[in-house]
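Below is entry_30.cif, holding mmCIF, C-alpha atoms.
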```cif
data_my_file
loop_
_atom_site.label_atom_id
_atom_site.label_comp_id
_atom_site.auth_asym_id
_atom_site.auth_seq_id
_atom_site.Cartn_x
_atom_site.Cartn_y
_atom_site.Cartn_z
CA MET W 1414 91.28 81.12 85.22
CA GLU W 1415 94.25 79.12 86.54
CA ALA W 1416 93.83 76.54 83.77
CA LEU W 1417 93.91 79.29 81.13
CA GLN W 1418 97.00 80.82 82.71
CA GLN W 1419 98.77 77.45 82.70
CA GLU W 1420 98.03 76.93 79.00
CA VAL W 1421 99.36 80.39 78.16
CA GLU W 1422 102.53 79.77 80.15
CA GLN W 1423 102.97 76.41 78.41
CA LEU W 1424 102.70 78.08 75.01
CA GLN W 1425 105.25 80.72 75.96
CA LYS W 1426 107.64 78.12 77.39
CA GLU W 1427 107.71 75.44 74.68
CA ASN W 1428 106.52 77.00 71.46
CA ASN W 1429 109.39 79.23 70.43
CA LEU W 1430 108.97 80.15 66.75
CA GLY W 1431 112.59 81.25 66.31
CA LYS W 1432 113.58 77.91 64.72
CA THR W 1433 110.55 78.02 62.42
CA ILE W 1434 111.49 81.49 61.22
CA ASP W 1435 115.03 80.29 60.48
CA ASP W 1436 113.68 77.37 58.40
CA VAL W 1437 111.41 79.69 56.44
CA GLN W 1438 114.32 82.05 55.79
CA LYS W 1439 116.41 79.11 54.50
CA THR W 1440 113.60 78.18 52.08
CA ILE W 1441 113.46 81.78 50.82
CA ASP W 1442 117.24 81.74 50.31
CA LEU W 1443 116.97 78.50 48.28
CA LEU W 1444 114.32 79.99 46.04
CA LEU W 1445 116.30 83.20 45.51
CA HIS W 1446 119.44 81.23 44.67
CA ALA W 1447 117.51 79.09 42.17
CA ARG W 1448 116.01 82.16 40.52
CA GLN W 1449 119.44 83.70 40.09
CA ALA W 1450 120.80 80.42 38.60
CA ILE W 1451 117.93 80.20 36.12
CA ALA W 1452 118.33 83.87 35.14
CA ALA W 1453 122.05 83.30 34.50
CA GLU W 1454 121.57 80.12 32.47
CA THR W 1455 118.06 79.52 31.14
CA SER W 1456 118.87 76.10 29.64
CA ALA W 1457 119.65 74.74 33.12
CA ALA W 1458 116.20 75.59 34.44
CA PRO W 1459 114.79 72.00 34.40
CA VAL W 1460 117.80 70.63 36.30
CA THR W 1461 117.76 73.48 38.82
CA LEU W 1462 114.03 73.05 39.50
CA ALA W 1463 114.44 69.30 39.88
CA LYS W 1464 117.15 69.75 42.47
CA LEU W 1465 115.09 72.43 44.21
CA GLN W 1466 112.02 70.23 44.65
CA ASN W 1467 113.45 67.94 47.33
CA SER W 1468 115.12 70.79 49.24
CA VAL W 1469 111.91 72.85 49.37
CA GLN W 1470 109.84 69.82 50.39
CA GLN W 1471 112.26 69.05 53.22
CA SER W 1472 112.10 72.69 54.34
CA PHE W 1473 108.28 72.60 54.41
CA ASP W 1474 108.40 69.39 56.44
CA ARG W 1475 110.67 71.04 59.01
CA VAL W 1476 108.33 74.04 59.28
CA ASN W 1477 105.32 71.78 59.80
CA ARG W 1478 107.18 69.86 62.52
CA ASP W 1479 108.06 73.15 64.22
CA LEU W 1480 104.44 74.33 64.08
CA LYS W 1481 102.95 71.07 65.34
CA PRO W 1482 103.53 71.92 69.08
CA VAL W 1483 102.08 75.38 68.44
CA HIS W 1484 98.87 73.97 66.97
CA GLN W 1485 98.66 71.46 69.82
CA GLY W 1486 99.08 74.22 72.40
CA LEU W 1487 96.43 76.37 70.71
CA ASN W 1488 94.02 73.44 70.66
CA ASN W 1489 94.58 72.87 74.37
CA TYR W 1490 94.04 76.57 75.06
CA GLN W 1491 90.81 76.53 73.02
CA LYS W 1492 89.54 73.57 75.02
CA ALA W 1493 90.41 75.33 78.29
CA VAL W 1494 88.54 78.45 77.16
CA THR W 1495 85.52 76.37 76.14
CA ASN W 1496 85.45 74.59 79.50
CA MET W 1497 85.88 77.87 81.37
CA PHE W 1498 83.19 79.81 79.50
CA LYS W 1499 80.50 77.31 78.68
CA ASP W 1500 77.58 78.53 76.62
CA LYS W 1501 74.63 79.28 78.84
CA PRO W 1502 71.17 80.41 77.77
CA LEU W 1503 70.38 84.05 78.39
CA PRO W 1504 67.52 84.79 80.79
CA THR W 1505 64.13 85.48 79.32
CA ALA W 1506 62.54 88.93 79.43
CA GLU W 1507 59.56 87.84 81.50
CA ASN W 1508 60.65 89.95 84.49
CA ASP W 1509 62.27 92.77 82.54
CA ALA W 1510 61.52 95.90 84.59
CA LEU W 1511 63.72 98.18 82.45
CA SER W 1512 61.87 97.59 79.19
CA SER W 1513 59.11 99.91 80.37
CA HIS W 1514 61.63 102.55 81.50
CA PRO W 1515 63.97 103.24 78.55
CA SER W 1516 64.78 106.63 80.06
CA LEU W 1517 66.52 104.87 82.95
CA VAL W 1518 68.77 103.01 80.53
CA ASN W 1519 69.52 106.13 78.46
CA ARG W 1520 70.32 108.13 81.58
CA ALA W 1521 72.68 105.47 82.91
CA ILE W 1522 74.51 105.17 79.59
CA ALA W 1523 74.82 108.94 79.11
CA MET W 1524 76.10 109.51 82.63
CA HIS W 1525 78.57 106.64 82.35
CA LEU W 1526 80.03 108.12 79.15
CA LEU W 1527 80.23 111.61 80.65
CA ARG W 1528 81.86 110.55 83.91
CA GLU W 1529 84.37 108.40 81.99
CA GLY W 1530 85.42 111.44 79.96
CA GLN W 1531 83.99 110.15 76.66
CA PHE W 1532 82.43 113.51 75.89
CA SER W 1533 82.15 113.21 72.09
CA VAL W 1534 80.56 109.76 72.34
CA ALA W 1535 78.18 111.02 75.04
CA ALA W 1536 77.20 114.01 72.91
CA THR W 1537 76.39 111.76 69.95
CA PHE W 1538 74.40 109.37 72.13
CA ILE W 1539 72.41 112.19 73.75
CA GLU W 1540 71.76 113.78 70.35
CA GLU W 1541 70.35 110.52 69.02
CA ALA W 1542 68.34 109.98 72.21
CA ASN W 1543 66.91 113.48 71.90
CA ALA W 1544 65.97 112.84 68.28
CA HIS W 1545 63.83 109.91 69.39
CA PRO W 1546 62.97 110.56 73.06
CA PRO W 1547 61.56 107.57 74.92
CA HIS W 1548 58.09 107.66 76.39
CA PRO W 1549 58.19 105.48 79.50
CA GLU W 1550 55.09 103.78 80.74
CA PRO W 1551 55.75 102.78 84.36
CA THR W 1552 54.53 99.32 85.31
CA PRO W 1553 53.01 98.57 88.72
CA GLY W 1554 55.55 97.82 91.40
CA THR W 1555 58.50 99.43 89.62
CA PRO W 1556 60.11 102.72 90.74
CA ASP W 1557 59.38 106.06 89.14
CA PRO W 1558 62.03 106.67 86.45
CA TYR W 1559 62.08 110.41 87.08
CA MET W 1560 64.49 111.74 89.68
CA GLN W 1561 64.79 115.04 91.49
CA GLU W 1562 67.63 116.44 89.38
CA ALA W 1563 66.48 118.68 86.53
CA TRP W 1564 69.00 117.26 84.06
CA GLU W 1565 67.62 113.75 84.65
CA LYS W 1566 64.10 114.87 83.76
CA ASP W 1567 65.45 116.71 80.71
CA LEU W 1568 67.26 113.59 79.54
CA ALA W 1569 64.12 111.48 79.96
CA ASN W 1570 62.06 114.09 78.08
CA GLY W 1571 64.62 114.41 75.27
CA THR W 1572 65.57 118.03 76.05
CA PHE W 1573 68.85 117.41 77.85
CA ASN W 1574 71.93 119.48 76.96
CA SER W 1575 75.12 117.86 78.21
CA GLN W 1576 77.39 120.88 77.73
CA LYS W 1577 77.32 121.97 81.38
CA LEU W 1578 77.99 118.46 82.70
CA GLN W 1579 80.78 118.03 80.16
CA GLN W 1580 82.47 121.16 81.46
CA GLN W 1581 82.13 119.96 85.06
CA PHE W 1582 83.57 116.53 84.33
CA ALA W 1583 86.31 118.08 82.18
CA GLU W 1584 87.30 120.12 85.25
CA MET W 1585 87.29 116.97 87.38
CA TYR W 1586 89.57 115.09 84.96
CA HIS W 1587 91.91 118.07 84.71
CA ILE W 1588 92.29 118.19 88.50
CA LEU W 1589 92.74 114.41 88.69
CA HIS W 1590 95.43 114.59 86.00
CA GLU W 1591 97.27 117.23 88.00
CA LEU W 1592 96.98 115.11 91.15
CA LYS W 1593 97.98 111.74 89.74
CA GLN W 1594 100.38 112.64 86.96
CA GLN W 1595 101.90 115.98 87.96
CA LYS W 1596 101.66 115.62 91.75
CA ASN W 1597 100.22 119.12 91.77
CA LEU W 1598 97.76 119.83 94.58
CA ALA W 1599 97.08 123.48 93.76
CA PRO W 1600 94.01 122.97 91.47
CA ALA W 1601 92.39 120.52 93.88
CA ILE W 1602 92.98 122.82 96.88
CA ALA W 1603 91.56 125.78 94.98
CA TRP W 1604 88.47 123.75 94.04
CA ALA W 1605 87.98 122.61 97.66
CA ARG W 1606 88.33 126.14 99.04
CA GLU W 1607 85.70 127.49 96.66
CA ARG W 1608 83.30 124.88 98.05
CA SER W 1609 84.54 124.87 101.63
CA ILE W 1610 81.11 125.51 103.17
CA GLU W 1611 79.38 122.78 101.15
CA LEU W 1612 82.12 120.28 101.98
CA GLU W 1613 82.04 121.14 105.67
CA ASN W 1614 78.26 120.78 105.76
CA ARG W 1615 78.72 117.31 104.31
CA GLY W 1616 81.27 116.45 106.99
CA SER W 1617 83.98 116.07 104.35
CA ASN W 1618 87.69 116.08 105.25
CA LEU W 1619 88.83 116.69 101.67
CA GLU W 1620 90.14 120.25 102.07
CA PHE W 1621 92.21 119.37 105.13
CA GLU W 1622 93.53 116.15 103.55
CA LEU W 1623 94.73 118.10 100.52
CA CYS W 1624 96.36 120.80 102.63
CA ARG W 1625 97.99 118.24 104.91
CA LEU W 1626 99.47 116.44 101.91
CA GLN W 1627 100.73 119.76 100.61
CA PHE W 1628 102.40 120.38 103.98
CA VAL W 1629 104.03 116.93 103.84
CA CYS W 1630 105.35 117.58 100.31
CA LEU W 1631 106.86 120.89 101.36
CA PHE W 1632 108.24 119.40 104.57
CA LYS W 1633 110.05 116.65 102.65
CA GLY W 1634 111.77 119.19 100.42
CA GLY W 1635 109.31 119.83 97.60
CA ASP W 1636 108.04 123.09 96.20
CA ILE W 1637 104.40 123.88 95.54
CA GLN W 1638 104.83 124.08 91.77
CA GLY W 1639 108.42 123.18 91.05
CA PRO W 1640 110.96 120.40 91.50
CA PRO W 1641 112.46 119.39 94.88
CA ALA W 1642 114.39 122.14 96.58
CA ASP W 1643 116.86 122.24 99.49
CA PRO W 1644 115.51 120.08 102.39
CA ILE W 1645 116.08 122.91 104.88
CA LEU W 1646 114.12 125.28 102.66
CA GLY W 1647 111.40 122.64 102.44
CA VAL W 1648 110.95 122.58 106.22
CA LEU W 1649 110.83 126.38 106.33
CA ARG W 1650 108.28 126.45 103.50
CA ALA W 1651 106.15 123.89 105.34
CA MET W 1652 106.18 126.05 108.49
CA GLN W 1653 105.24 129.12 106.48
CA TYR W 1654 102.48 127.20 104.70
CA ALA W 1655 101.06 125.98 108.03
CA ARG W 1656 100.98 129.52 109.45
CA SER W 1657 99.16 130.90 106.41
CA ASP W 1658 96.77 128.05 105.59
CA PHE W 1659 96.07 125.95 108.69
CA GLY W 1660 94.25 128.65 110.65
CA PRO W 1661 90.72 127.60 109.55
CA PHE W 1662 91.46 123.99 110.53
CA GLN W 1663 92.41 124.65 114.16
CA HIS W 1664 88.93 124.13 115.58
CA ARG W 1665 87.98 120.95 113.74
CA TYR W 1666 91.40 119.36 113.16
CA GLY W 1667 93.36 120.63 116.15
CA LYS W 1668 94.76 117.19 116.98
CA GLU W 1669 95.95 116.53 113.41
CA VAL W 1670 97.53 119.99 113.15
CA SER W 1671 99.30 119.43 116.48
CA GLU W 1672 100.76 116.17 115.15
CA LEU W 1673 102.19 118.00 112.14
CA ALA W 1674 103.71 120.64 114.39
CA ALA W 1675 105.13 117.99 116.75
CA ALA W 1676 106.83 116.30 113.79
CA MET W 1677 109.06 119.33 113.19
CA PRO W 1678 111.88 118.23 115.58
CA PHE W 1679 112.09 114.91 113.70
CA ALA W 1680 112.86 116.57 110.37
CA TYR W 1681 116.15 114.69 109.95
CA ASN W 1682 114.98 111.41 111.50
CA MET W 1683 111.39 111.17 110.29
CA SER W 1684 111.64 107.52 109.20
CA GLU W 1685 112.07 106.46 112.86
CA SER W 1686 109.69 108.99 114.42
CA PRO W 1687 106.15 108.39 115.77
CA TYR W 1688 104.84 110.38 112.80
CA ARG W 1689 106.30 108.17 110.08
CA ARG W 1690 102.83 107.04 108.95
CA ILE W 1691 101.95 110.62 107.97
CA PHE W 1692 105.11 111.45 106.06
CA TYR W 1693 105.74 108.06 104.44
CA ASN W 1694 102.32 107.03 103.15
CA ASP W 1695 102.77 105.46 99.70
CA SER W 1696 99.03 105.56 98.97
CA ALA W 1697 98.48 109.20 100.03
CA TRP W 1698 98.11 110.53 96.48
CA GLU W 1699 95.70 107.78 95.46
CA GLU W 1700 93.67 108.33 98.63
CA VAL W 1701 93.22 112.07 98.05
CA ALA W 1702 92.38 111.43 94.37
CA THR W 1703 89.69 108.95 95.40
CA SER W 1704 88.38 111.31 98.05
CA PHE W 1705 88.30 114.18 95.55
CA THR W 1706 86.39 112.10 92.98
CA ARG W 1707 83.86 111.05 95.62
CA GLU W 1708 83.24 114.61 96.84
CA PHE W 1709 83.15 116.07 93.32
CA CYS W 1710 80.49 113.59 92.23
CA SER W 1711 78.57 113.99 95.49
CA LEU W 1712 78.23 117.75 94.97
CA LEU W 1713 76.75 116.94 91.54
CA GLY W 1714 74.28 114.56 93.17
CA LEU W 1715 76.09 111.50 91.78
CA SER W 1716 77.73 108.44 93.29
CA ALA W 1717 81.52 108.12 93.19
CA ASP W 1718 81.28 105.01 90.95
CA SER W 1719 79.34 104.65 87.73
CA PRO W 1720 75.87 103.20 88.47
CA LEU W 1721 75.94 101.49 85.07
CA TYR W 1722 79.23 99.75 85.89
CA ILE W 1723 77.99 98.73 89.35
CA ALA W 1724 74.67 97.42 88.00
CA ALA W 1725 76.34 95.49 85.18
CA THR W 1726 78.97 93.96 87.48
CA ALA W 1727 76.46 93.02 90.18
CA GLY W 1728 74.18 91.56 87.50
CA ALA W 1729 77.01 89.48 86.06
CA ILE W 1730 77.79 88.11 89.54
CA ALA W 1731 74.12 87.31 90.21
CA LEU W 1732 73.32 85.90 86.76
CA PRO W 1733 74.53 82.29 87.32
CA THR W 1734 72.47 81.99 90.51
CA LEU W 1735 69.37 83.46 88.87
CA LEU W 1736 69.74 81.20 85.82
CA LYS W 1737 69.97 78.17 88.09
CA LEU W 1738 66.91 79.35 90.02
CA GLN W 1739 65.01 79.89 86.78
CA LYS W 1740 65.80 76.35 85.67
CA ILE W 1741 64.65 74.89 89.01
CA MET W 1742 61.40 76.85 88.89
CA LYS W 1743 60.80 75.71 85.32
CA ASP W 1744 61.41 72.06 86.20
CA LYS W 1745 59.15 72.24 89.26
CA ARG W 1746 56.59 74.41 87.43
CA THR W 1747 56.64 77.11 90.06
CA GLU W 1748 56.55 80.90 89.63
CA TRP W 1749 58.40 83.80 91.15
CA THR W 1750 55.58 85.88 92.60
CA THR W 1751 57.37 88.16 95.10
CA GLN W 1752 57.91 91.71 93.82
CA ASN W 1753 60.84 93.96 94.79
CA GLU W 1754 62.61 91.05 96.45
CA LEU W 1755 64.92 88.33 95.13
CA PRO W 1756 63.83 84.77 95.89
CA VAL W 1757 67.36 83.80 96.96
CA GLU W 1758 70.27 85.63 98.55
CA ILE W 1759 72.93 86.82 96.10
CA PRO W 1760 76.42 86.92 97.68
CA LEU W 1761 77.89 90.20 96.46
CA PRO W 1762 81.31 91.59 97.47
CA PRO W 1763 81.31 94.09 100.38
CA ALA W 1764 81.97 96.96 97.95
CA TYR W 1765 78.50 96.38 96.50
CA HIS W 1766 76.64 96.62 99.82
CA PHE W 1767 75.03 100.07 99.86
CA HIS W 1768 72.07 99.66 102.20
CA SER W 1769 71.58 98.01 105.54
CA ILE W 1770 69.16 95.10 105.63
CA PHE W 1771 67.11 93.54 108.41
CA VAL W 1772 65.93 89.94 108.54
CA CYS W 1773 63.10 89.31 110.98
CA PRO W 1774 64.22 86.76 113.61
CA VAL W 1775 60.64 85.43 113.79
CA SER W 1776 59.59 85.05 110.15
CA LYS W 1777 63.15 84.85 108.73
CA GLU W 1778 62.05 87.28 105.99
CA GLN W 1779 63.86 90.41 104.89
CA ALA W 1780 62.19 93.66 105.84
CA THR W 1781 60.69 95.85 103.09
CA ASP W 1782 59.02 99.25 102.92
CA GLN W 1783 55.66 97.54 103.35
CA ASN W 1784 56.99 95.30 106.14
CA PRO W 1785 59.46 97.50 108.05
CA PRO W 1786 61.33 96.54 111.23
CA MET W 1787 59.59 97.58 114.44
CA MET W 1788 61.31 98.08 117.79
CA MET W 1789 59.38 97.14 120.92
CA PRO W 1790 59.84 98.99 124.24
CA CYS W 1791 62.14 96.19 125.46
CA GLY W 1792 64.56 96.97 122.60
CA HIS W 1793 64.01 93.83 120.52
CA VAL W 1794 63.17 94.28 116.85
CA ILE W 1795 60.89 92.19 114.64
CA ALA W 1796 59.12 92.80 111.33
CA LYS W 1797 55.72 94.54 111.29
CA GLU W 1798 53.92 91.49 109.93
CA SER W 1799 55.34 89.35 112.73
CA LEU W 1800 54.34 92.03 115.24
CA ASP W 1801 50.74 92.01 113.95
CA LYS W 1802 50.55 88.20 114.02
CA LEU W 1803 51.90 87.96 117.56
CA SER W 1804 49.87 90.80 119.05
CA LYS W 1805 46.55 90.51 117.15
CA GLY W 1806 45.93 94.10 118.20
CA ALA W 1807 46.30 93.49 121.95
CA ARG W 1808 49.07 93.32 124.50
CA PHE W 1809 51.55 90.53 123.85
CA LYS W 1810 54.76 89.08 125.20
CA CYS W 1811 58.05 89.68 123.41
CA PRO W 1812 59.25 86.42 121.78
CA TYR W 1813 62.77 87.01 123.16
CA CYS W 1814 62.21 88.31 126.69
CA PRO W 1815 59.45 88.40 129.36
CA ALA W 1816 58.51 92.02 128.61
CA GLU W 1817 54.95 92.76 127.53
CA SER W 1818 53.82 95.66 125.37
CA HIS W 1819 51.09 96.90 123.05
CA PRO W 1820 51.74 97.05 119.29
CA ARG W 1821 51.07 100.80 119.27
CA GLU W 1822 54.11 101.23 121.55
CA ALA W 1823 56.43 99.77 118.92
CA LYS W 1824 58.43 102.25 116.84
CA LYS W 1825 59.43 101.93 113.22
CA VAL W 1826 63.16 101.47 112.60
CA PHE W 1827 64.59 103.27 109.58
CA LEU W 1828 67.53 101.52 107.90
#
```
Rendering of file as structure tokens:
Amino acid sequence: MEALQQEVEQLQKENNLGKTIDDVQKTIDLLLHARQAIAAETSAAPVTLAKLQNSVQQSFDRVNRDLKPVHQGLNNYQKAVTNMFKDKPLPTAENDALSSHPSLVNRAIAMHLLREGQFSVAATFIEEANAHPPHPEPTPGTPDPYMQEAWEKDLANGTFNSQKLQQQFAEMYHILHELKQQKNLAPAIAWARERSIELENRGSNLEFELCRLQFVCLFKGGDIQGPPADPILGVLRAMQYARSDFGPFQHRYGKEVSELAAAMPFAYNMSESPYRRIFYNDSAWEEVATSFTREFCSLLGLSADSPLYIAATAGAIALPTLLKLQKIMKDKRTEWTTQNELPVEIPLPPAYHFHSIFVCPVSKEQATDQNPPMMMPCGHVIAKESLDKLSKGARFKCPYCPAESHPREAKKVFL
């Protein structure tokens, strides 16, 4: 990408079209002047056109000279783009697990459109999917396309009505708009209080985070719904707000509430107080918006990020490695026979790591549902297949310490 950026900067630096525009305007002026001369005296038309020929030709030559660096820069940019994005063959559909589960694809697309706020597009897509509902035929070794949520089964069966989900996501986007654009916490706090029990059962801090930010806004001189008020009134409003709204948080967030109370004496010197991090957090609004989105989607049984976006991005990252592997296997005439496991490790960013993995220290293979990690009484963990090979059904010695045990004493480790 640096090469592309350099070419763009070079175009912007050297290829100023201002001079070219001036030359074109001069040519237009010559033509207009000649037309006026011919209209005034028709008999002089041949002489006027003869004189005009050289002037226009010279003007065109100047324009072409001005445009030459532009064309050269565009050619260089085109070459940089070609070198950056070389044509690569698309992978074959030999291992296409989704082709037998069209409902999975339809569900991912519909949910992506709904959670992105594209309600009209989602409605049209769902209507067309319902008109021709897919009939999946699961293949051996692939997961069941049907999930626990009723709406997912309805979508797969072609009977899904998106109106309820549209209303829920419309509410989410309204609250996010109030948070990010209007700096208004009231709708988000009201939503969190209506679901206080569910959020607390999930171990969520959302309600307290929203109320704490509201306290900070009032403390710094803001009003709940209006513009900034007198700083002294802001401190008084914050104290009143804490007395009326922080009662339910005393048991679980006693320490955090105490910090807010202890910050009161530093009202006029908060920037140098020990509590500066609470009252001068530039990312506070973005953090509560992200937390709200995560909890809102979780209560709907959804992930905070679009599964379609995550799958497409992770696939794009993994594609070059898989294409290279496919080429090597084709050249060596080997086949990929392992199901539910990639033949090579794909280095994905930390944000795309959702599940813990275990690699057996004996076999160097990644654990699976059929070959889970097993913990021996000594505390060391190996894969089940390695355990069976080492023990052969009898007492055996741990490969990493002198302890001996029987395979039936090993316990399965759940990741």
I'd like to see the residues matched by the PyMOL selection byres ((chain W and resi 1447) around 12) on this file, and ideally I'd get them as an mmCIF file with C-alpha atoms, keeping the file's coordinate frame.
```
data_model
loop_
_atom_site.group_PDB
_atom_site.id
_atom_site.type_symbol
_atom_site.label_atom_id
_atom_site.label_comp_id
_atom_site.auth_asym_id
_atom_site.auth_seq_id
_atom_site.Cartn_x
_atom_site.Cartn_y
_atom_site.Cartn_z
ATOM 1 C CA THR W 1440 113.600 78.180 52.080
ATOM 2 C CA ILE W 1441 113.460 81.780 50.820
ATOM 3 C CA ASP W 1442 117.240 81.740 50.310
ATOM 4 C CA LEU W 1443 116.970 78.500 48.280
ATOM 5 C CA LEU W 1444 114.320 79.990 46.040
ATOM 6 C CA LEU W 1445 116.300 83.200 45.510
ATOM 7 C CA HIS W 1446 119.440 81.230 44.670
ATOM 8 C CA ARG W 1448 116.010 82.160 40.520
ATOM 9 C CA GLN W 1449 119.440 83.700 40.090
ATOM 10 C CA ALA W 1450 120.800 80.420 38.600
ATOM 11 C CA ILE W 1451 117.930 80.200 36.120
ATOM 12 C CA ALA W 1452 118.330 83.870 35.140
ATOM 13 C CA ALA W 1453 122.050 83.300 34.500
ATOM 14 C CA GLU W 1454 121.570 80.120 32.470
ATOM 15 C CA THR W 1455 118.060 79.520 31.140
ATOM 16 C CA ALA W 1457 119.650 74.740 33.120
ATOM 17 C CA ALA W 1458 116.200 75.590 34.440
ATOM 18 C CA PRO W 1459 114.790 72.000 34.400
ATOM 19 C CA VAL W 1460 117.800 70.630 36.300
ATOM 20 C CA THR W 1461 117.760 73.480 38.820
ATOM 21 C CA LEU W 1462 114.030 73.050 39.500
ATOM 22 C CA ALA W 1463 114.440 69.300 39.880
ATOM 23 C CA LYS W 1464 117.150 69.750 42.470
ATOM 24 C CA LEU W 1465 115.090 72.430 44.210
ATOM 25 C CA GLN W 1466 112.020 70.230 44.650
ATOM 26 C CA SER W 1468 115.120 70.790 49.240
ATOM 27 C CA VAL W 1469 111.910 72.850 49.370
#
```
Listed atoms of segment 1793-1799 of chain W boxed along x, y and z, 8 Å each side, centre and edge lengths in Å, one decimal, as JSON:
```
{"center_x": 59.0, "center_y": 91.9, "center_z": 115.2, "size_x": 26.1, "size_y": 21.2, "size_z": 26.6}
```
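The residue that comes closest to Pro1733 of chain W, out of W:Ile1645, W:Asn1488, W:Phe1498, W:Arg1821 and on the basis of all atoms listed in the file, is W:Phe1498.
Atom pair atom CA of Val1775 of chain W / atom CA of Phe1809 of chain W has a distance of 14.5 Å (rounded to one decimal).
Between atom CA of Arg1520 of chain W and atom CA of Ile1539 of chain W the interatomic distance comes to 9.1 Å.
Residue nearest Ala1655 of chain W, chosen from W:Ala1680, W:Ser1716, W:Glu1672, W:Phe1628 and counting all atoms listed in the file: W:Phe1628.
Separating atom CA of Ala1731 of chain W from atom CA of Ile1759 of chain W is a distance of 6.0 Å.
The neighbours of Ile1610 of chain W here are the residues that come within 12 Å of it, using all atoms listed in the file and leaving out any residue fewer than 5 positions away in the same chain; they are Trp1604, Ala1605, Arg1615, Gly1616, Ser1617, Asn1618, Leu1619, Glu1620, Pro1661 and Leu1712 of chain W.
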* To do: Compare W:Ala1816, W:Ala1764, W:Ile1691, W:Met1497 by their minimum atom-to-atom distance to Ala1727 of chain W, counting all atoms listed in the file, and give me the closest one.
  => W:Ala1764
* Could you give me, as number ranges by chain, the residues within 10 Å of Glu1415 of chain W, counting only C-alpha atoms and dropping anything in the same chain fewer than 4 positions from it? => W: 1419-1421, 1493, 1497
Would you output that residue set with C-alpha atoms, as a tab-separated table (two decimals), in the coordinates of the input?
```
chain	number	residue	atom	x	y	z
W	1419	GLN	CA	98.77	77.45	82.70
W	1420	GLU	CA	98.03	76.93	79.00
W	1421	VAL	CA	99.36	80.39	78.16
W	1493	ALA	CA	90.41	75.33	78.29
W	1497	MET	CA	85.88	77.87	81.37
```
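Protein and nucleic acid residues near (75.7, 107.1, 73.4) are Val1518, Asn1519, Arg1520, Ala1521, Ile1522, Ala1523, Met1524, His1525, Leu1526, Leu1527, Gln1531, Phe1532, Ser1533, Val1534, Ala1535, Ala1536, Thr1537, Phe1538, Ile1539, Glu1540, Glu1541, Ala1542, Asn1543 and Ser1575 of chain W, the criterion being any atom at most 12 Å away using only C-alpha atoms.
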* **Expansion of the PyMOL selection byres ((chain W and resi 1708) around 8) into residues, as a PyMOL selection string** => chain W and resi 1612+1617+1619+1704-1707+1709-1712+1717
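With all atoms listed in the file as the atoms that count, the residue of W:Glu1700, W:Tyr1666, W:Met1652, W:Ser1609 with the shortest distance to Leu1592 of chain W is W:Glu1700.
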* To do: Using the chain letters and numbering of this document, enumerate as a ChimeraX atom specification the residues selected by the PyMOL selection byres ((chain W and resi 1771-1774) around 12).
  => /W:1758,1768-1770,1775-1782,1784-1788,1793-1800,1811-1813,1826-1828
Any chance you could export the current selection's C-alpha atoms as a compact mmCIF listing (two decimals), in the frame of the given file?
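Once everything was written out, this is again.txt:
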```
# COMPACT_ATOMS: atom_id res chain seq x y z
CA GLU W 1758 70.27 85.63 98.55
CA HIS W 1768 72.07 99.66 102.20
CA SER W 1769 71.58 98.01 105.54
CA ILE W 1770 69.16 95.10 105.63
CA VAL W 1775 60.64 85.43 113.79
CA SER W 1776 59.59 85.05 110.15
CA LYS W 1777 63.15 84.85 108.73
CA GLU W 1778 62.05 87.28 105.99
CA GLN W 1779 63.86 90.41 104.89
CA ALA W 1780 62.19 93.66 105.84
CA THR W 1781 60.69 95.85 103.09
CA ASP W 1782 59.02 99.25 102.92
CA ASN W 1784 56.99 95.30 106.14
CA PRO W 1785 59.46 97.50 108.05
CA PRO W 1786 61.33 96.54 111.23
CA MET W 1787 59.59 97.58 114.44
CA MET W 1788 61.31 98.08 117.79
CA HIS W 1793 64.01 93.83 120.52
CA VAL W 1794 63.17 94.28 116.85
CA ILE W 1795 60.89 92.19 114.64
CA ALA W 1796 59.12 92.80 111.33
CA LYS W 1797 55.72 94.54 111.29
CA GLU W 1798 53.92 91.49 109.93
CA SER W 1799 55.34 89.35 112.73
CA LEU W 1800 54.34 92.03 115.24
CA CYS W 1811 58.05 89.68 123.41
CA PRO W 1812 59.25 86.42 121.78
CA TYR W 1813 62.77 87.01 123.16
CA VAL W 1826 63.16 101.47 112.60
CA PHE W 1827 64.59 103.27 109.58
CA LEU W 1828 67.53 101.52 107.90
```
* Which neighbours of Gly1486 of chain W fall inside 10 Å, counting all atoms listed in the file, when residues of the same chain fewer than 2 positions from it are skipped, and could you give them as JSON, numbers by chain? -> {"W": [1420, 1421, 1423, 1424, 1425, 1427, 1428, 1480, 1481, 1482, 1483, 1484, 1488, 1489, 1490, 1491, 1492]}
